[in-house]
Amino acid sequence: MIQVGTNLEEQVFYIDRAMLKAYADASGDQNPIHQNEEFAVSVGLPNVIAHGMLTMALVGKFVTDWAGGSAAVKEFSGRFVKPVIVPANQRVDLTVSAVVTEVVGDRITIDLKATSAGVKVLGMSKAVVVK
Amino acid sequence: MLNPDSVGRTFAGAESVTVSQSEIDAFCAVISEGDTTVAPPTFSIRITLEQSQEILSNPEIGLDWSRVVHGDQRFEIKRPVVAGDTFKCSSTIESYKVAAGNEIVTVRSDLHSIDELVVSTWSTLVVRA
């Protein structure tokens, strides 16, 4: 039974440099801050960071897995509060959880939360799905 | 600095963009999505960010894209994007403010397939001082 307050089971995704390269190619966003450590540091970042939209794509996967497919998603939003930092030769976590905040007929609104290395990276995130 | 006259205006992208199955496949592969019959919910950013970048980099508008950081993102999806969709993109500068020297711009981009509005996206972009 889905009702306001229902928690969705937490899911962990892993991000590494190879995924950043694949996302750059798939999205067309070849900004070097997502691939080149020297460049990222030169513009004041701690290291290479993931594309915010990759984070959101993975959170979107969490939503569609729960909702029963990509076609179920009607609205999806989020704020990139902190970058996901991706050091070389490591995989970092993206831990996603959510709670149901509204149910109107078959339209369900969920509030999402995503952290990496314990730091909140996506805030103010909501999705509306039809389920 | 952004030209204040451009706020509230809508700019049409020059060209239509057709979505291919291989583009959807590549996007799905990154996030391990097995169902490639429709595009994942954030796929349309591939089109709207590129189109709005092209539009907003126009010297008449004057957004310095090299200093842009993505702040917020929102999608309203009327129906899922599928391979073969041909979109015209239009971008509207909905709001603009300067805070602590940073410019904060919210751009709405609509993807139309012929007369049908398929996806609206809102991107809040922060141009760092």
# chains A, B, ... in the order shown; residues from 1 in each chain; ligands from 1
>>> residues_around(residues="stretch 4-14 of chain B", least_positions_apart="2", cutoff="7 Å", atoms="only C-alpha atoms", output="PyMOL selection string")
chain B and resi 2+51+55+61+88-96
>>> write_last_selection(atoms="N, CA and C atoms", output="mmCIF file, in the first residue's frame")
data_model
loop_
_atom_site.group_PDB
_atom_site.id
_atom_site.type_symbol
_atom_site.label_atom_id
_atom_site.label_comp_id
_atom_site.auth_asym_id
_atom_site.auth_seq_id
_atom_site.Cartn_x
_atom_site.Cartn_y
_atom_site.Cartn_z
ATOM 1 N N LEU B 2 24.518 39.377 -18.719
ATOM 2 C CA LEU B 2 23.391 39.127 -19.610
ATOM 3 C C LEU B 2 22.729 40.451 -19.984
ATOM 4 N N GLN B 51 20.965 23.168 -27.140
ATOM 5 C CA GLN B 51 20.217 24.189 -27.878
ATOM 6 C C GLN B 51 20.210 25.514 -27.120
ATOM 7 N N ILE B 55 21.711 29.166 -28.131
ATOM 8 C CA ILE B 55 20.871 30.361 -28.155
ATOM 9 C C ILE B 55 21.441 31.448 -27.232
ATOM 10 N N ILE B 61 22.638 38.305 -26.538
ATOM 11 C CA ILE B 61 22.159 37.946 -25.196
ATOM 12 C C ILE B 61 23.302 38.021 -24.189
ATOM 13 N N LYS B 88 11.689 20.747 -32.348
ATOM 14 C CA LYS B 88 12.119 22.136 -32.404
ATOM 15 C C LYS B 88 12.231 22.606 -30.961
ATOM 16 N N CYS B 89 13.301 23.301 -30.654
ATOM 17 C CA CYS B 89 13.514 23.765 -29.283
ATOM 18 C C CYS B 89 13.356 25.278 -29.237
ATOM 19 N N SER B 90 12.642 25.757 -28.222
ATOM 20 C CA SER B 90 12.636 27.195 -27.977
ATOM 21 C C SER B 90 13.025 27.425 -26.521
ATOM 22 N N SER B 91 13.772 28.492 -26.289
ATOM 23 C CA SER B 91 14.238 28.792 -24.938
ATOM 24 C C SER B 91 13.772 30.177 -24.531
ATOM 25 N N THR B 92 13.255 30.253 -23.294
ATOM 26 C CA THR B 92 12.783 31.520 -22.745
ATOM 27 C C THR B 92 13.586 31.832 -21.486
ATOM 28 N N ILE B 93 14.100 33.041 -21.413
ATOM 29 C CA ILE B 93 14.791 33.446 -20.197
ATOM 30 C C ILE B 93 13.715 33.907 -19.219
ATOM 31 N N GLU B 94 13.406 33.059 -18.232
ATOM 32 C CA GLU B 94 12.270 33.341 -17.335
ATOM 33 C C GLU B 94 12.655 34.276 -16.205
ATOM 34 N N SER B 95 13.882 34.158 -15.714
ATOM 35 C CA SER B 95 14.266 35.070 -14.637
ATOM 36 C C SER B 95 15.775 35.287 -14.650
ATOM 37 N N TYR B 96 16.150 36.404 -14.075
ATOM 38 C CA TYR B 96 17.563 36.783 -14.045
ATOM 39 C C TYR B 96 17.811 37.642 -12.825
#
>>> residues_around(residues="A:Ser125", least_positions_apart="4", cutoff="12 Å", atoms="only C-alpha atoms", output="list in words")
Thr55, Met56, Val59, Gly60, Val63, Glu75, Phe76, Ser77, Gly78, Arg79, Phe80, Val81, Val96, Ser97, Ala98, Val99, Thr101, Thr109, Ile110, Asp111, Leu112, Lys113, Ala114, Lys120 and Val121 of chain A; Asp72, Gln73, Arg74 and Phe75 of chain B
>>> write_last_selection(atoms="C-alpha atoms", output="short mmCIF file (atom, residue, chain, number, x, y, z; two decimals), in the first residue's frame")
data_model
loop_
_atom_site.label_atom_id
_atom_site.label_comp_id
_atom_site.auth_asym_id
_atom_site.auth_seq_id
_atom_site.Cartn_x
_atom_site.Cartn_y
_atom_site.Cartn_z
CA THR A 55 23.63 12.32 -10.72
CA MET A 56 20.11 13.25 -11.75
CA VAL A 59 18.35 9.30 -9.31
CA GLY A 60 15.94 9.10 -12.26
CA VAL A 63 12.54 6.61 -9.67
CA GLU A 75 7.80 15.60 -13.40
CA PHE A 76 11.30 15.45 -12.00
CA SER A 77 13.41 18.15 -10.37
CA GLY A 78 16.45 18.71 -8.20
CA ARG A 79 19.05 21.14 -6.97
CA PHE A 80 22.77 20.43 -7.27
CA VAL A 81 23.85 21.39 -3.76
CA VAL A 96 19.41 7.45 -3.05
CA SER A 97 16.35 7.32 -0.85
CA ALA A 98 12.84 8.73 -1.05
CA VAL A 99 9.56 9.13 0.74
CA THR A 101 4.69 12.98 0.08
CA THR A 109 4.77 12.59 -5.54
CA ILE A 110 8.01 11.52 -3.89
CA ASP A 111 10.74 13.58 -2.23
CA LEU A 112 14.18 12.27 -3.08
CA LYS A 113 17.53 12.53 -1.35
CA ALA A 114 20.94 11.65 -2.75
CA LYS A 120 24.10 15.58 0.38
CA VAL A 121 24.59 16.21 -3.34
CA ASP B 72 18.70 23.50 -10.50
CA GLN B 73 16.96 21.36 -13.06
CA ARG B 74 13.31 20.49 -13.59
CA PHE B 75 11.47 18.46 -16.21
#
>>> residues_around(residues="stretch 83-86 of chain A", least_positions_apart="5", cutoff="10 Å", atoms="only C-alpha atoms", output="PyMOL selection string")
chain A and resi 15-17+20+34-35+37+45-52+54-55+91-94+115-117+119-122
>>> write_last_selection(atoms="C-alpha atoms", output="JSON list (two decimals), in the first residue's frame")
[["chain", "number", "residue", "atom", "x", "y", "z"],
["A", 15, "ILE", "CA", 30.22, 6.27, -10.13],
["A", 16, "ASP", "CA", 33.74, 6.07, -11.54],
["A", 17, "ARG", "CA", 35.73, 7.94, -14.18],
["A", 20, "LEU", "CA", 31.82, 9.99, -16.46],
["A", 34, "HIS", "CA", 34.22, 15.96, -15.56],
["A", 35, "GLN", "CA", 37.21, 14.17, -17.10],
["A", 37, "GLU", "CA", 41.84, 16.25, -13.07],
["A", 45, "LEU", "CA", 37.63, 22.17, -7.76],
["A", 46, "PRO", "CA", 38.98, 19.54, -5.35],
["A", 47, "ASN", "CA", 39.12, 16.92, -8.13],
["A", 48, "VAL", "CA", 37.13, 15.72, -11.12],
["A", 49, "ILE", "CA", 33.41, 16.03, -10.39],
["A", 50, "ALA", "CA", 30.48, 14.12, -11.85],
["A", 51, "HIS", "CA", 28.05, 15.87, -14.17],
["A", 52, "GLY", "CA", 25.11, 17.07, -12.09],
["A", 54, "LEU", "CA", 24.56, 12.21, -14.40],
["A", 55, "THR", "CA", 23.63, 12.32, -10.72],
["A", 91, "ARG", "CA", 34.30, 4.29, -7.38],
["A", 92, "VAL", "CA", 32.22, 6.56, -5.23],
["A", 93, "ASP", "CA", 28.72, 5.90, -3.99],
["A", 94, "LEU", "CA", 25.54, 7.70, -4.87],
["A", 115, "THR", "CA", 24.28, 11.60, -0.93],
["A", 116, "SER", "CA", 27.83, 10.72, -1.91],
["A", 117, "ALA", "CA", 30.49, 9.92, 0.71],
["A", 119, "VAL", "CA", 27.47, 14.48, 1.76],
["A", 120, "LYS", "CA", 24.10, 15.58, 0.38],
["A", 121, "VAL", "CA", 24.59, 16.21, -3.34],
["A", 122, "LEU", "CA", 21.03, 16.57, -4.65]]
>>> select_by_dssp(residues="chain B", states="helix (DSSP H, G or I)", output="VMD selection string")
chain B and resid 4 to 6 21 to 30 45 to 56 65 to 67
>>> write_last_selection(atoms="N, CA and C atoms", output="tab-separated table (two decimals), in the first residue's frame")
chain	number	residue	atom	x	y	z
B	4	PRO	N	19.89	42.70	-20.20
B	4	PRO	CA	18.59	42.68	-19.49
B	4	PRO	C	17.39	42.67	-20.43
B	5	ASP	N	17.57	43.18	-21.64
B	5	ASP	CA	16.46	43.18	-22.61
B	5	ASP	C	16.05	41.76	-23.03
B	6	SER	N	16.94	40.79	-22.79
B	6	SER	CA	16.62	39.44	-23.24
B	6	SER	C	15.72	38.70	-22.24
B	21	GLN	N	17.69	5.98	-32.11
B	21	GLN	CA	17.68	4.88	-31.14
B	21	GLN	C	19.06	4.70	-30.51
B	22	SER	N	20.12	4.94	-31.28
B	22	SER	CA	21.46	4.73	-30.72
B	22	SER	C	21.77	5.75	-29.64
B	23	GLU	N	21.21	6.95	-29.75
B	23	GLU	CA	21.40	7.94	-28.68
B	23	GLU	C	20.69	7.50	-27.40
B	24	ILE	N	19.48	6.99	-27.55
B	24	ILE	CA	18.74	6.48	-26.38
B	24	ILE	C	19.48	5.28	-25.78
B	25	ASP	N	19.96	4.39	-26.64
B	25	ASP	CA	20.70	3.20	-26.17
B	25	ASP	C	21.92	3.61	-25.35
B	26	ALA	N	22.67	4.60	-25.85
B	26	ALA	CA	23.90	5.02	-25.16
B	26	ALA	C	23.57	5.63	-23.80
B	27	PHE	N	22.51	6.42	-23.76
B	27	PHE	CA	22.12	7.06	-22.50
B	27	PHE	C	21.66	6.00	-21.49
B	28	CYS	N	20.87	5.04	-21.97
B	28	CYS	CA	20.39	3.96	-21.10
B	28	CYS	C	21.56	3.11	-20.58
B	29	ALA	N	22.56	2.89	-21.44
B	29	ALA	CA	23.69	2.04	-21.05
B	29	ALA	C	24.43	2.62	-19.86
B	30	VAL	N	24.57	3.95	-19.82
B	30	VAL	CA	25.32	4.58	-18.73
B	30	VAL	C	24.66	4.29	-17.38
B	45	ILE	N	17.71	16.51	-21.72
B	45	ILE	CA	18.75	17.50	-21.41
B	45	ILE	C	19.81	17.50	-22.52
B	46	ARG	N	19.98	16.35	-23.13
B	46	ARG	CA	20.94	16.22	-24.22
B	46	ARG	C	20.62	17.23	-25.33
B	47	ILE	N	19.34	17.44	-25.55
B	47	ILE	CA	18.92	18.37	-26.60
B	47	ILE	C	18.83	19.79	-26.05
B	48	THR	N	18.17	19.96	-24.90
B	48	THR	CA	17.86	21.32	-24.45
B	48	THR	C	19.08	22.10	-24.00
B	49	LEU	N	20.05	21.41	-23.37
B	49	LEU	CA	21.21	22.15	-22.88
B	49	LEU	C	22.06	22.65	-24.05
B	50	GLU	N	22.20	21.79	-25.05
B	50	GLU	CA	22.98	22.18	-26.23
B	50	GLU	C	22.30	23.31	-26.99
B	51	GLN	N	20.96	23.17	-27.14
B	51	GLN	CA	20.22	24.19	-27.88
B	51	GLN	C	20.21	25.51	-27.12
B	52	SER	N	19.99	25.45	-25.79
B	52	SER	CA	19.93	26.71	-25.06
B	52	SER	C	21.32	27.34	-24.97
B	53	GLN	N	22.36	26.50	-24.94
B	53	GLN	CA	23.72	27.05	-24.96
B	53	GLN	C	23.97	27.83	-26.25
B	54	GLU	N	23.52	27.22	-27.34
B	54	GLU	CA	23.70	27.88	-28.64
B	54	GLU	C	22.93	29.21	-28.67
B	55	ILE	N	21.71	29.17	-28.13
B	55	ILE	CA	20.87	30.36	-28.15
B	55	ILE	C	21.44	31.45	-27.23
B	56	LEU	N	21.82	31.04	-26.00
B	56	LEU	CA	22.21	32.03	-25.00
B	56	LEU	C	23.62	32.57	-25.20
B	65	TRP	N	29.05	31.36	-21.22
B	65	TRP	CA	28.83	29.95	-20.94
B	65	TRP	C	30.04	29.29	-20.29
B	66	SER	N	31.22	29.83	-20.49
B	66	SER	CA	32.43	29.19	-19.95
B	66	SER	C	32.45	29.23	-18.42
B	67	ARG	N	31.65	30.09	-17.81
B	67	ARG	CA	31.65	30.19	-16.35
B	67	ARG	C	30.34	29.67	-15.74
>>> closest_residue(among="A:Met53, A:Ala22, A:Val4, A:Val104", to="B:His70", atoms="only C-alpha atoms")
A:Met53
>>> select_by_dssp(residues="chain A", states="strand (DSSP E or B)", output="PyMOL selection string")
chain A and resi 7-15+49+73-80+85+92-104+107-116+119-130
>>> atom_distance(atom1="atom CA of A:Thr64", atom2="atom CA of B:Trp122")
20.4 Å
>>> residues_around(residues="A:Lys61", least_positions_apart="4", cutoff="10 Å", atoms="only C-alpha atoms", output="PDB file with C-alpha atoms, in the first residue's frame")
ATOM      1  CA  PHE A  13      24.766   3.436  -7.362  1.00  0.00           C
ATOM      2  CA  THR A  55      23.627  12.325 -10.718  1.00  0.00           C
ATOM      3  CA  MET A  56      20.114  13.252 -11.746  1.00  0.00           C
ATOM      4  CA  ALA A  57      20.017  10.498 -14.403  1.00  0.00           C
ATOM      5  CA  ASP A  65      12.784   1.286 -11.166  1.00  0.00           C
ATOM      6  CA  TRP A  66      10.232   1.977  -8.463  1.00  0.00           C
ATOM      7  CA  ALA A  67       7.575   3.454 -10.726  1.00  0.00           C
ATOM      8  CA  GLY A  69       9.517   2.341 -16.189  1.00  0.00           C
ATOM      9  CA  SER A  70      10.592   5.604 -17.763  1.00  0.00           C
TER      10      SER A  70
ATOM     11  CA  CYS B  28      20.391   3.957 -21.099  1.00  0.00           C
ATOM     12  CA  ILE B  31      22.621   4.119 -16.095  1.00  0.00           C
ATOM     13  CA  SER B  32      22.058   0.379 -16.754  1.00  0.00           C
ATOM     14  CA  GLU B  33      18.494   0.920 -17.963  1.00  0.00           C
ATOM     15  CA  PRO B  40      14.885   7.945 -19.629  1.00  0.00           C
ATOM     16  CA  PRO B  41      13.290  11.016 -17.973  1.00  0.00           C
ATOM     17  CA  THR B  42      16.413  13.199 -18.108  1.00  0.00           C
TER      18      THR B  42
END
>>> closest_residue(among="A:Ala24, A:Val43, A:Ala71, A:Val100", to="A:Glu9", atoms="only C-alpha atoms")
A:Val100
>>> atom_distance(atom1="atom CA of A:Ile108", atom2="atom CA of B:Thr36")
23.6 Å
>>> closest_residue(among="B:Glu60, B:Asp35, B:Asp110, B:Glu116", to="chain A", atoms="only C-alpha atoms")
B:Asp35
>>> closest_residue(among="A:Val129, A:Glu102, A:Leu58, A:Lys74", to="A:Gly5", atoms="only C-alpha atoms")
A:Glu102
>>> atom_distance(atom1="atom CA of B:Val118", atom2="atom CA of A:Arg107")
18.7 Å
